[in-house]
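Asker: Dropping in model.cif, which is mmCIF, C-alpha atoms:
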```cif
data_protein
#
loop_
_atom_site.group_PDB
_atom_site.id
_atom_site.type_symbol
_atom_site.label_atom_id
_atom_site.label_comp_id
_atom_site.auth_asym_id
_atom_site.auth_seq_id
_atom_site.Cartn_x
_atom_site.Cartn_y
_atom_site.Cartn_z
ATOM 1 C CA MET A 21 10.068 78.062 -24.105
ATOM 2 C CA SER A 22 12.849 79.789 -22.209
ATOM 3 C CA TYR A 23 12.157 81.253 -18.783
ATOM 4 C CA PRO A 24 14.592 83.630 -17.082
ATOM 5 C CA ALA A 25 14.552 83.481 -13.277
ATOM 6 C CA TYR A 26 11.762 85.462 -11.659
ATOM 7 C CA ARG A 27 10.238 86.478 -14.964
ATOM 8 C CA LEU A 28 6.500 85.870 -15.036
ATOM 9 C CA ARG A 29 4.617 85.007 -18.158
ATOM 10 C CA PRO A 30 0.846 85.636 -18.346
ATOM 11 C CA VAL A 31 -1.160 82.482 -19.057
ATOM 12 C CA GLY A 32 -4.246 84.546 -19.896
ATOM 13 C CA TRP A 33 -6.160 87.712 -19.181
ATOM 14 C CA VAL A 34 -9.214 88.875 -17.239
ATOM 15 C CA LYS A 35 -12.228 89.996 -19.256
ATOM 16 C CA SER A 36 -14.586 91.892 -16.976
ATOM 17 C CA PRO A 37 -17.126 94.733 -16.950
ATOM 18 C CA LEU A 38 -14.921 96.327 -14.263
ATOM 19 C CA THR A 39 -12.668 98.787 -16.021
ATOM 20 C CA ASP A 40 -11.044 100.937 -13.382
ATOM 21 C CA ARG A 41 -9.484 100.310 -10.032
ATOM 22 C CA ALA A 42 -11.403 103.039 -8.214
ATOM 23 C CA SER A 43 -14.807 101.521 -8.958
ATOM 24 C CA ALA A 44 -13.846 97.862 -8.422
ATOM 25 C CA PRO A 45 -14.849 96.256 -5.120
ATOM 26 C CA LYS A 46 -12.012 95.776 -2.612
ATOM 27 C CA GLN A 47 -12.603 92.018 -2.575
ATOM 28 C CA GLY A 48 -14.451 89.683 -4.887
ATOM 29 C CA ASP A 49 -17.158 88.807 -2.367
ATOM 30 C CA GLU A 50 -18.096 92.475 -2.041
ATOM 31 C CA GLY A 51 -20.048 92.728 -5.271
ATOM 32 C CA ALA A 52 -17.878 91.646 -8.216
ATOM 33 C CA PRO A 53 -19.734 90.808 -11.460
ATOM 34 C CA LEU A 54 -19.218 87.601 -13.437
ATOM 35 C CA ALA A 55 -15.876 87.728 -15.214
ATOM 36 C CA ARG A 56 -13.918 85.534 -17.621
ATOM 37 C CA VAL A 57 -10.382 84.255 -17.562
ATOM 38 C CA VAL A 58 -9.330 83.800 -21.199
ATOM 39 C CA PHE A 59 -6.303 81.532 -21.625
ATOM 40 C CA LEU A 60 -3.552 81.770 -24.205
ATOM 41 C CA PRO A 61 -3.764 78.721 -26.529
ATOM 42 C CA GLU A 62 -0.477 77.235 -25.348
ATOM 43 C CA PHE A 63 -1.936 76.871 -21.832
ATOM 44 C CA TYR A 64 -5.275 75.229 -22.737
ATOM 45 C CA GLU A 65 -3.855 71.874 -21.687
ATOM 46 C CA ALA A 66 -3.047 73.147 -18.187
ATOM 47 C CA ALA A 67 -6.688 74.252 -17.800
ATOM 48 C CA ARG A 68 -8.352 71.159 -19.247
ATOM 49 C CA ASP A 69 -9.449 69.602 -15.917
ATOM 50 C CA LEU A 70 -11.107 72.648 -14.394
ATOM 51 C CA GLN A 71 -14.808 72.058 -13.804
ATOM 52 C CA LYS A 72 -18.005 73.966 -13.098
ATOM 53 C CA GLY A 73 -18.401 74.435 -9.347
ATOM 54 C CA ASP A 74 -14.680 74.200 -8.571
ATOM 55 C CA GLU A 75 -13.421 76.651 -5.956
ATOM 56 C CA VAL A 76 -10.066 77.922 -7.150
ATOM 57 C CA PHE A 77 -7.597 80.704 -6.561
ATOM 58 C CA VAL A 78 -6.906 82.933 -9.552
ATOM 59 C CA LEU A 79 -3.474 84.557 -9.268
ATOM 60 C CA THR A 80 -3.087 87.792 -11.194
ATOM 61 C CA TRP A 81 -0.521 90.484 -11.791
ATOM 62 C CA LEU A 82 -1.984 93.733 -10.426
ATOM 63 C CA HIS A 83 -0.378 95.804 -13.140
ATOM 64 C CA GLN A 84 -1.582 99.120 -11.718
ATOM 65 C CA GLY A 85 -0.123 98.413 -8.284
ATOM 66 C CA ARG A 86 2.647 100.688 -6.972
ATOM 67 C CA ARG A 87 5.646 98.546 -6.126
ATOM 68 C CA ASP A 88 7.521 101.153 -4.088
ATOM 69 C CA VAL A 89 4.804 101.430 -1.411
ATOM 70 C CA LEU A 90 5.549 99.627 1.883
ATOM 71 C CA CYS A 91 2.810 101.109 4.136
ATOM 72 C CA VAL A 92 -0.809 101.993 3.381
ATOM 73 C CA HIS A 93 -3.995 103.071 5.094
ATOM 74 C CA PRO A 94 -6.000 99.796 5.139
ATOM 75 C CA ARG A 95 -8.738 99.798 2.478
ATOM 76 C CA GLY A 96 -7.688 103.352 1.522
ATOM 77 C CA ASP A 97 -9.357 104.712 4.696
ATOM 78 C CA VAL A 98 -7.255 107.641 5.946
ATOM 79 C CA ASN A 99 -8.913 107.327 9.368
ATOM 80 C CA ARG A 100 -7.152 104.001 9.853
ATOM 81 C CA PRO A 101 -3.459 104.148 10.783
ATOM 82 C CA ARG A 102 -1.000 103.105 8.113
ATOM 83 C CA GLU A 103 0.120 99.498 8.194
ATOM 84 C CA GLY A 104 2.921 97.572 6.550
ATOM 85 C CA VAL A 105 1.548 96.130 3.299
ATOM 86 C CA PHE A 106 2.262 92.507 4.289
ATOM 87 C CA ALA A 107 -0.487 92.915 6.931
ATOM 88 C CA THR A 108 -2.934 94.150 4.251
ATOM 89 C CA ARG A 109 -4.374 93.062 0.899
ATOM 90 C CA SER A 110 -3.450 96.346 -0.784
ATOM 91 C CA PRO A 111 -2.636 96.043 -4.522
ATOM 92 C CA ASP A 112 0.305 98.358 -3.791
ATOM 93 C CA ARG A 113 3.132 96.035 -2.649
ATOM 94 C CA PRO A 114 6.620 94.963 -3.756
ATOM 95 C CA ASN A 115 5.335 92.072 -5.876
ATOM 96 C CA PRO A 116 1.736 92.965 -6.780
ATOM 97 C CA ILE A 117 0.377 89.442 -7.141
ATOM 98 C CA GLY A 118 -3.407 89.328 -6.757
ATOM 99 C CA LEU A 119 -4.960 86.333 -5.005
ATOM 100 C CA HIS A 120 -8.647 85.834 -5.761
ATOM 101 C CA ALA A 121 -10.832 83.046 -4.377
ATOM 102 C CA VAL A 122 -13.455 82.376 -7.065
ATOM 103 C CA VAL A 123 -16.037 79.767 -8.059
ATOM 104 C CA ILE A 124 -16.144 78.459 -11.621
ATOM 105 C CA GLU A 125 -19.504 78.935 -13.335
ATOM 106 C CA THR A 126 -18.743 77.720 -16.872
ATOM 107 C CA VAL A 127 -15.827 76.042 -18.622
ATOM 108 C CA GLU A 128 -14.833 76.268 -22.284
ATOM 109 C CA GLU A 129 -11.585 75.148 -23.884
ATOM 110 C CA GLN A 130 -10.269 78.670 -24.088
ATOM 111 C CA ALA A 131 -11.787 80.290 -20.995
ATOM 112 C CA ILE A 132 -13.548 79.939 -17.672
ATOM 113 C CA THR A 133 -16.304 82.182 -16.335
ATOM 114 C CA VAL A 134 -16.080 82.838 -12.598
ATOM 115 C CA HIS A 135 -17.884 84.430 -9.667
ATOM 116 C CA ASN A 136 -16.187 86.801 -7.176
ATOM 117 C CA LEU A 137 -13.297 88.065 -9.302
ATOM 118 C CA GLU A 138 -12.735 91.776 -8.628
ATOM 119 C CA ALA A 139 -9.704 92.255 -10.909
ATOM 120 C CA ILE A 140 -10.228 94.831 -13.643
ATOM 121 C CA ASP A 141 -10.529 94.125 -17.365
ATOM 122 C CA GLY A 142 -7.149 93.394 -18.940
ATOM 123 C CA THR A 143 -5.451 92.162 -15.768
ATOM 124 C CA PRO A 144 -2.825 89.497 -16.587
ATOM 125 C CA VAL A 145 -3.510 86.034 -15.115
ATOM 126 C CA LEU A 146 -0.528 84.086 -13.770
ATOM 127 C CA ASP A 147 -1.944 80.855 -12.381
ATOM 128 C CA ILE A 148 -5.022 78.912 -11.277
ATOM 129 C CA LYS A 149 -4.825 76.675 -8.186
ATOM 130 C CA PRO A 150 -7.468 74.557 -6.481
ATOM 131 C CA ILE A 151 -8.478 75.643 -2.989
ATOM 132 C CA LEU A 152 -7.539 72.657 -0.866
ATOM 133 C CA GLY A 153 -10.047 70.718 1.207
ATOM 134 C CA ARG A 154 -9.197 68.424 4.059
ATOM 135 C CA VAL A 155 -6.038 66.319 3.987
ATOM 136 C CA HIS A 156 -7.767 63.009 3.248
ATOM 137 C CA GLU A 157 -9.494 64.431 0.173
ATOM 138 C CA ARG A 158 -6.287 65.327 -1.683
ATOM 139 C CA MET B 23 13.950 101.001 -7.238
ATOM 140 C CA SER B 24 13.134 100.214 -10.836
ATOM 141 C CA TYR B 25 10.810 97.339 -11.667
ATOM 142 C CA PRO B 26 10.484 95.929 -15.182
ATOM 143 C CA ALA B 27 7.073 94.452 -15.979
ATOM 144 C CA TYR B 28 6.549 90.908 -14.728
ATOM 145 C CA ARG B 29 9.922 90.761 -13.026
ATOM 146 C CA LEU B 30 9.639 89.487 -9.480
ATOM 147 C CA ARG B 31 11.961 90.537 -6.725
ATOM 148 C CA PRO B 32 12.377 88.356 -3.625
ATOM 149 C CA VAL B 33 11.474 90.143 -0.390
ATOM 150 C CA GLY B 34 13.138 87.426 1.677
ATOM 151 C CA TRP B 35 14.010 83.756 1.905
ATOM 152 C CA VAL B 36 12.817 80.601 3.637
ATOM 153 C CA LYS B 37 15.083 79.125 6.319
ATOM 154 C CA SER B 38 13.959 75.581 7.063
ATOM 155 C CA PRO B 39 15.260 72.168 8.123
ATOM 156 C CA LEU B 40 13.672 70.875 4.882
ATOM 157 C CA THR B 41 16.424 70.748 2.308
ATOM 158 C CA ASP B 42 15.133 68.772 -0.632
ATOM 159 C CA ARG B 43 11.914 68.615 -2.534
ATOM 160 C CA ALA B 44 11.589 64.823 -2.389
ATOM 161 C CA SER B 45 11.464 64.705 1.410
ATOM 162 C CA ALA B 46 9.275 67.775 1.936
ATOM 163 C CA PRO B 47 5.585 67.204 2.714
ATOM 164 C CA LYS B 48 3.195 67.897 -0.173
ATOM 165 C CA GLN B 49 1.372 70.512 1.886
ATOM 166 C CA GLY B 50 2.287 72.409 5.028
ATOM 167 C CA ASP B 51 -0.392 70.770 7.182
ATOM 168 C CA GLU B 52 1.045 67.348 6.402
ATOM 169 C CA GLY B 53 3.992 67.531 8.793
ATOM 170 C CA ALA B 54 6.099 70.608 8.004
ATOM 171 C CA PRO B 55 8.539 71.700 10.747
ATOM 172 C CA LEU B 56 8.749 75.269 12.075
ATOM 173 C CA ALA B 57 10.412 77.490 9.483
ATOM 174 C CA ARG B 58 11.503 81.116 9.239
ATOM 175 C CA VAL B 59 10.897 83.775 6.644
ATOM 176 C CA VAL B 60 13.896 86.122 6.767
ATOM 177 C CA PHE B 61 13.234 89.494 5.145
ATOM 178 C CA LEU B 62 15.641 91.685 3.224
ATOM 179 C CA PRO B 63 16.239 94.910 5.227
ATOM 180 C CA GLU B 64 14.552 97.129 2.662
ATOM 181 C CA PHE B 65 11.263 95.278 3.272
ATOM 182 C CA TYR B 66 11.233 95.329 7.106
ATOM 183 C CA GLU B 67 8.733 98.193 7.004
ATOM 184 C CA ALA B 68 6.278 96.139 4.934
ATOM 185 C CA ALA B 69 6.420 93.384 7.585
ATOM 186 C CA ARG B 70 6.190 95.602 10.672
ATOM 187 C CA ASP B 71 2.510 94.915 11.491
ATOM 188 C CA LEU B 72 2.604 91.129 11.325
ATOM 189 C CA GLN B 73 1.744 89.587 14.707
ATOM 190 C CA LYS B 74 1.983 86.304 16.564
ATOM 191 C CA GLY B 75 -1.079 84.190 15.845
ATOM 192 C CA ASP B 76 -1.834 85.816 12.474
ATOM 193 C CA GLU B 77 -2.957 83.439 9.737
ATOM 194 C CA VAL B 78 -1.265 84.546 6.542
ATOM 195 C CA PHE B 79 -0.429 83.324 3.079
ATOM 196 C CA VAL B 80 3.263 83.140 2.248
ATOM 197 C CA LEU B 81 3.824 83.397 -1.497
ATOM 198 C CA THR B 82 7.064 81.862 -2.716
ATOM 199 C CA TRP B 83 8.886 81.223 -5.969
ATOM 200 C CA LEU B 84 9.228 77.446 -6.326
ATOM 201 C CA HIS B 85 12.616 77.728 -7.964
ATOM 202 C CA GLN B 86 12.917 73.980 -8.605
ATOM 203 C CA GLY B 87 9.568 73.795 -10.415
ATOM 204 C CA ARG B 88 9.547 72.818 -14.084
ATOM 205 C CA ARG B 89 7.826 75.544 -16.057
ATOM 206 C CA ASP B 90 7.275 73.568 -19.250
ATOM 207 C CA VAL B 91 5.021 70.956 -17.591
ATOM 208 C CA LEU B 92 1.279 71.357 -18.276
ATOM 209 C CA CYS B 93 -0.029 67.966 -17.024
ATOM 210 C CA VAL B 94 1.008 65.891 -14.008
ATOM 211 C CA HIS B 95 -0.020 62.846 -12.028
ATOM 212 C CA PRO B 96 -1.640 64.432 -8.942
ATOM 213 C CA ARG B 97 0.667 64.230 -5.908
ATOM 214 C CA GLY B 98 3.201 62.352 -8.064
ATOM 215 C CA ASP B 99 1.038 59.193 -7.881
ATOM 216 C CA VAL B 100 1.348 57.390 -11.235
ATOM 217 C CA ASN B 101 -1.840 55.438 -10.442
ATOM 218 C CA ARG B 102 -3.821 58.673 -10.729
ATOM 219 C CA PRO B 103 -4.506 59.899 -14.271
ATOM 220 C CA ARG B 104 -2.620 62.979 -15.386
ATOM 221 C CA GLU B 105 -4.403 66.281 -14.912
ATOM 222 C CA GLY B 106 -3.832 69.788 -16.202
ATOM 223 C CA VAL B 107 -1.683 71.593 -13.652
ATOM 224 C CA PHE B 108 -4.252 74.340 -13.006
ATOM 225 C CA ALA B 109 -6.411 71.626 -11.379
ATOM 226 C CA THR B 110 -3.499 70.610 -9.104
ATOM 227 C CA ARG B 111 -1.084 72.150 -6.602
ATOM 228 C CA SER B 112 1.970 70.741 -8.384
ATOM 229 C CA PRO B 113 5.112 72.903 -8.092
ATOM 230 C CA ASP B 114 5.608 72.195 -11.803
ATOM 231 C CA ARG B 115 3.530 74.856 -13.610
ATOM 232 C CA PRO B 116 4.044 77.811 -15.977
ATOM 233 C CA ASN B 117 4.516 80.333 -13.160
ATOM 234 C CA PRO B 118 5.703 78.298 -10.154
ATOM 235 C CA ILE B 119 4.323 80.541 -7.416
ATOM 236 C CA GLY B 120 3.889 78.679 -4.129
ATOM 237 C CA LEU B 121 0.902 79.537 -1.925
ATOM 238 C CA HIS B 122 1.285 78.489 1.699
ATOM 239 C CA ALA B 123 -1.283 79.054 4.456
ATOM 240 C CA VAL B 124 0.730 79.438 7.667
ATOM 241 C CA VAL B 125 0.339 80.649 11.250
ATOM 242 C CA ILE B 126 2.849 83.087 12.723
ATOM 243 C CA GLU B 127 4.545 81.840 15.885
ATOM 244 C CA THR B 128 7.091 84.591 16.544
ATOM 245 C CA VAL B 129 7.875 88.000 15.079
ATOM 246 C CA GLU B 130 11.219 89.797 14.973
ATOM 247 C CA GLU B 131 12.127 92.884 12.969
ATOM 248 C CA GLN B 132 13.992 90.840 10.387
ATOM 249 C CA ALA B 133 12.019 87.590 10.317
ATOM 250 C CA ILE B 134 8.902 85.662 11.237
ATOM 251 C CA THR B 135 8.770 82.046 12.426
ATOM 252 C CA VAL B 136 5.784 80.109 11.087
ATOM 253 C CA HIS B 137 3.940 76.811 11.327
ATOM 254 C CA ASN B 138 2.895 74.756 8.278
ATOM 255 C CA LEU B 139 5.402 76.004 5.704
ATOM 256 C CA GLU B 140 6.580 73.112 3.517
ATOM 257 C CA ALA B 141 8.844 75.126 1.188
ATOM 258 C CA ILE B 142 12.486 73.998 1.237
ATOM 259 C CA ASP B 143 15.409 75.945 2.658
ATOM 260 C CA GLY B 144 16.484 78.764 0.350
ATOM 261 C CA THR B 145 13.129 79.222 -1.377
ATOM 262 C CA PRO B 146 12.622 82.878 -2.396
ATOM 263 C CA VAL B 147 9.673 84.636 -0.714
ATOM 264 C CA LEU B 148 7.602 87.017 -2.846
ATOM 265 C CA ASP B 149 4.821 88.277 -0.591
ATOM 266 C CA ILE B 150 2.895 87.865 2.656
ATOM 267 C CA LYS B 151 -0.868 88.436 2.694
ATOM 268 C CA PRO B 152 -3.421 88.114 5.494
ATOM 269 C CA ILE B 153 -5.997 85.346 5.120
ATOM 270 C CA LEU B 154 -9.258 87.257 5.044
ATOM 271 C CA GLY B 155 -12.011 86.759 7.576
ATOM 272 C CA ARG B 156 -15.588 87.773 7.134
ATOM 273 C CA VAL B 157 -16.485 90.950 5.243
ATOM 274 C CA HIS B 158 -17.411 93.010 8.317
ATOM 275 C CA GLU B 159 -14.035 92.330 9.958
ATOM 276 C CA ARG B 160 -11.920 93.914 7.213
#
```
Mind turning this structure into structure tokens?
Answerer:
Amino acid sequence: MSYPAYRLRPVGWVKSPLTDRASAPKQGDEGAPLARVVFLPEFYEAARDLQKGDEVFVLTWLHQGRRDVLCVHPRGDVNRPREGVFATRSPDRPNPIGLHAVVIETVEEQAITVHNLEAIDGTPVLDIKPILGRVHER
Amino acid sequence: MSYPAYRLRPVGWVKSPLTDRASAPKQGDEGAPLARVVFLPEFYEAARDLQKGDEVFVLTWLHQGRRDVLCVHPRGDVNRPREGVFATRSPDRPNPIGLHAVVIETVEEQAITVHNLEAIDGTPVLDIKPILGRVHER
């Protein structure tokens, strides 16, 4: 595998009943349905130690995000003054990486099913990381 | 600005007394010194609403990470069995995006100074995101 600098490679994809950005919840704990992260076969090994009940971050590429937007009305509410996107969780930002705190419900070799993932169907997945507990538990 | 798919663009860089990966703490709350995130001028507007005391995630590109590694000994401890990297916070992973929970100490137009950032000097910064509080506070 050859990897140019700063070039991301999806490790899998979101499969979800959510199909468009307008109807998806703003955050996963605001009503997201169960969703799956389906891995590409060459990354099964990286996912092999994920377990039911694990709290993990799913990192995605928000492929519908606008990368030339630097200020937004928070949560799309025009009554709120515009803020620089680094102070918001807007999907419109220079590098539209989505960060989703989820809980794993089921594990298969090729996929995990998770709670609280608001990314839409077809969203590329970049990484999975455990949410860290206290220092002595690492 | 033109953005090919999956091509990241640094929005700034880490300035830190930490200069090599071997001596850096494994996580920022394990003894990282104060560090700065220095923004490129074209992204100052995106950073304009960050404030002292804000708890934010800094997303970085761990440019020394090995992208072909799928299993590691957690925390580099060979006495611990190897695990798939998605169950670890190893910098060696298919897309070596660093996720750092930090607290902002000072804000200038061109930079923020933060606590708990363990990334080494010169690490590219990809994004800043607020750490979310409870649903009703958003």
Asker: Interatomic distance between atom CA of A:Phe59 and atom CA of A:Ala44?
Answerer: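 We find that atom CA of A:Phe59 and atom CA of A:Ala44 lie 22.3 Å from each other.
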Asker: Skipping near chain neighbours, those fewer than 4 positions away, what residues fall within 8 Å of A:Pro111 using all atoms listed in the file, listed as a PDB file with C-alpha atoms, in the coordinates of the input?
Answerer:
```pdb
ATOM      1  CA  LEU A  82      -1.984  93.733 -10.426  1.00  0.00           C
ATOM      2  CA  GLN A  84      -1.582  99.120 -11.718  1.00  0.00           C
ATOM      3  CA  GLY A  85      -0.123  98.413  -8.284  1.00  0.00           C
ATOM      4  CA  ARG A  86       2.647 100.688  -6.972  1.00  0.00           C
ATOM      5  CA  PRO A 116       1.736  92.965  -6.780  1.00  0.00           C
ATOM      6  CA  ILE A 117       0.377  89.442  -7.141  1.00  0.00           C
ATOM      7  CA  GLY A 118      -3.407  89.328  -6.757  1.00  0.00           C
TER       8      GLY A 118
END
```
Asker: Given a cut-off of 7 Å, which residues of chain B touch chain A, counting all atoms listed in the file, written out as a short mmCIF file (atom, residue, chain, number, x, y, z; two decimals) with C-alpha atoms, in the coordinates of the input?
Answerer:
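Written file, out_13.cif:
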```cif
data_model
loop_
_atom_site.label_atom_id
_atom_site.label_comp_id
_atom_site.auth_asym_id
_atom_site.auth_seq_id
_atom_site.Cartn_x
_atom_site.Cartn_y
_atom_site.Cartn_z
CA TYR B 28 6.55 90.91 -14.73
CA ARG B 29 9.92 90.76 -13.03
CA LEU B 30 9.64 89.49 -9.48
CA ARG B 31 11.96 90.54 -6.72
CA GLU B 67 8.73 98.19 7.00
CA ALA B 68 6.28 96.14 4.93
CA ALA B 69 6.42 93.38 7.58
CA ARG B 70 6.19 95.60 10.67
CA ASP B 71 2.51 94.92 11.49
CA LEU B 72 2.60 91.13 11.32
CA LEU B 92 1.28 71.36 -18.28
CA CYS B 93 -0.03 67.97 -17.02
CA GLU B 105 -4.40 66.28 -14.91
CA GLY B 106 -3.83 69.79 -16.20
CA VAL B 107 -1.68 71.59 -13.65
CA PHE B 108 -4.25 74.34 -13.01
CA ALA B 109 -6.41 71.63 -11.38
CA THR B 110 -3.50 70.61 -9.10
CA ARG B 111 -1.08 72.15 -6.60
CA ASN B 117 4.52 80.33 -13.16
CA LEU B 148 7.60 87.02 -2.85
CA ASP B 149 4.82 88.28 -0.59
CA ILE B 150 2.90 87.86 2.66
CA LYS B 151 -0.87 88.44 2.69
CA PRO B 152 -3.42 88.11 5.49
#
```
Asker: In Å, with one decimal, what is the gap from atom CA of B:Val36 to atom CA of B:Lys48?
Answerer: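 Atom CA of B:Val36 sits 16.4 Å away from atom CA of B:Lys48.
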Asker: So what do you get for atom CA of B:Leu62 versus atom CA of B:Thr135, distance-wise?
Answerer: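 Atom-to-atom, atom CA of B:Leu62 to atom CA of B:Thr135, that is 15.0 Å.
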Asker: Selection in question (the file shown): the PyMOL selection byres ((chain A and resi 58) around 7). Which residues does it include, as a PyMOL selection string?
Answerer: chain A and resi 32-34+56-57+59-60+130-132
Asker: Keeping C-alpha atoms, export the residues of the selection given above as an mmCIF file, in the frame of the given file.
Answerer:
```
data_model
loop_
_atom_site.group_PDB
_atom_site.id
_atom_site.type_symbol
_atom_site.label_atom_id
_atom_site.label_comp_id
_atom_site.auth_asym_id
_atom_site.auth_seq_id
_atom_site.Cartn_x
_atom_site.Cartn_y
_atom_site.Cartn_z
ATOM 1 C CA GLY A 32 -4.246 84.546 -19.896
ATOM 2 C CA TRP A 33 -6.160 87.712 -19.181
ATOM 3 C CA VAL A 34 -9.214 88.875 -17.239
ATOM 4 C CA ARG A 56 -13.918 85.534 -17.621
ATOM 5 C CA VAL A 57 -10.382 84.255 -17.562
ATOM 6 C CA PHE A 59 -6.303 81.532 -21.625
ATOM 7 C CA LEU A 60 -3.552 81.770 -24.205
ATOM 8 C CA GLN A 130 -10.269 78.670 -24.088
ATOM 9 C CA ALA A 131 -11.787 80.290 -20.995
ATOM 10 C CA ILE A 132 -13.548 79.939 -17.672
#
```
Asker: Would you write out, as a list in words, every residue that the PyMOL selection byres ((chain A and resi 52) around 6) captures in this file?
Answerer: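 Evaluating the PyMOL selection byres ((chain A and resi 52) around 6) on this file yields Gly48, Gly51, Pro53, Asn136, Leu137 and Glu138 of chain A.
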Asker: When you count all atoms listed in the file, which of these residues is closest to B:Val129: B:Lys74, B:Thr145, B:Asp114, B:Asp99?
Answerer: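 So, comparing all the options, the nearest one is B:Lys74.
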Asker: Could you rebuild stretch 97-111 of chain B with N, CA, C and O atoms and give it back as a tab-separated table (two decimals), keeping the file's coordinate frame?
Answerer:
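Once written, part.tsv looks like this:
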```tsv
chain	number	residue	atom	x	y	z
B	97	ARG	N	-0.17	64.63	-7.03
B	97	ARG	CA	0.67	64.23	-5.91
B	97	ARG	C	1.74	63.23	-6.31
B	97	ARG	O	2.23	62.46	-5.49
B	98	GLY	N	2.14	63.24	-7.60
B	98	GLY	CA	3.20	62.35	-8.06
B	98	GLY	C	2.81	60.88	-8.08
B	98	GLY	O	3.67	60.01	-8.26
B	99	ASP	N	1.52	60.58	-7.95
B	99	ASP	CA	1.04	59.19	-7.88
B	99	ASP	C	0.69	58.72	-9.30
B	99	ASP	O	-0.31	59.14	-9.88
B	100	VAL	N	1.54	57.80	-9.84
B	100	VAL	CA	1.35	57.39	-11.24
B	100	VAL	C	0.08	56.56	-11.42
B	100	VAL	O	-0.34	56.31	-12.56
B	101	ASN	N	-0.56	56.15	-10.32
B	101	ASN	CA	-1.84	55.44	-10.44
B	101	ASN	C	-3.01	56.40	-10.66
B	101	ASN	O	-4.11	55.97	-10.96
B	102	ARG	N	-2.76	57.70	-10.48
B	102	ARG	CA	-3.82	58.67	-10.73
B	102	ARG	C	-3.60	59.26	-12.12
B	102	ARG	O	-2.48	59.59	-12.50
B	103	PRO	N	-4.68	59.37	-12.91
B	103	PRO	CA	-4.51	59.90	-14.27
B	103	PRO	C	-3.94	61.32	-14.26
B	103	PRO	O	-4.16	62.07	-13.32
B	104	ARG	N	-3.21	61.65	-15.31
B	104	ARG	CA	-2.62	62.98	-15.39
B	104	ARG	C	-3.71	64.04	-15.51
B	104	ARG	O	-4.74	63.84	-16.16
B	105	GLU	N	-3.46	65.17	-14.87
B	105	GLU	CA	-4.40	66.28	-14.91
B	105	GLU	C	-3.66	67.55	-15.31
B	105	GLU	O	-2.47	67.71	-15.02
B	106	GLY	N	-4.39	68.47	-15.93
B	106	GLY	CA	-3.83	69.79	-16.20
B	106	GLY	C	-3.41	70.45	-14.90
B	106	GLY	O	-4.11	70.37	-13.89
B	107	VAL	N	-2.25	71.10	-14.92
B	107	VAL	CA	-1.68	71.59	-13.65
B	107	VAL	C	-2.54	72.64	-12.95
B	107	VAL	O	-2.44	72.81	-11.73
B	108	PHE	N	-3.42	73.34	-13.69
B	108	PHE	CA	-4.25	74.34	-13.01
B	108	PHE	C	-5.30	73.68	-12.10
B	108	PHE	O	-5.91	74.35	-11.27
B	109	ALA	N	-5.51	72.36	-12.27
B	109	ALA	CA	-6.41	71.63	-11.38
B	109	ALA	C	-5.63	70.95	-10.25
B	109	ALA	O	-6.21	70.16	-9.50
B	110	THR	N	-4.35	71.23	-10.13
B	110	THR	CA	-3.50	70.61	-9.10
B	110	THR	C	-2.69	71.68	-8.37
B	110	THR	O	-2.64	72.84	-8.81
B	111	ARG	N	-2.00	71.25	-7.30
B	111	ARG	CA	-1.08	72.15	-6.60
B	111	ARG	C	0.36	71.78	-6.90
B	111	ARG	O	1.27	72.13	-6.14
```
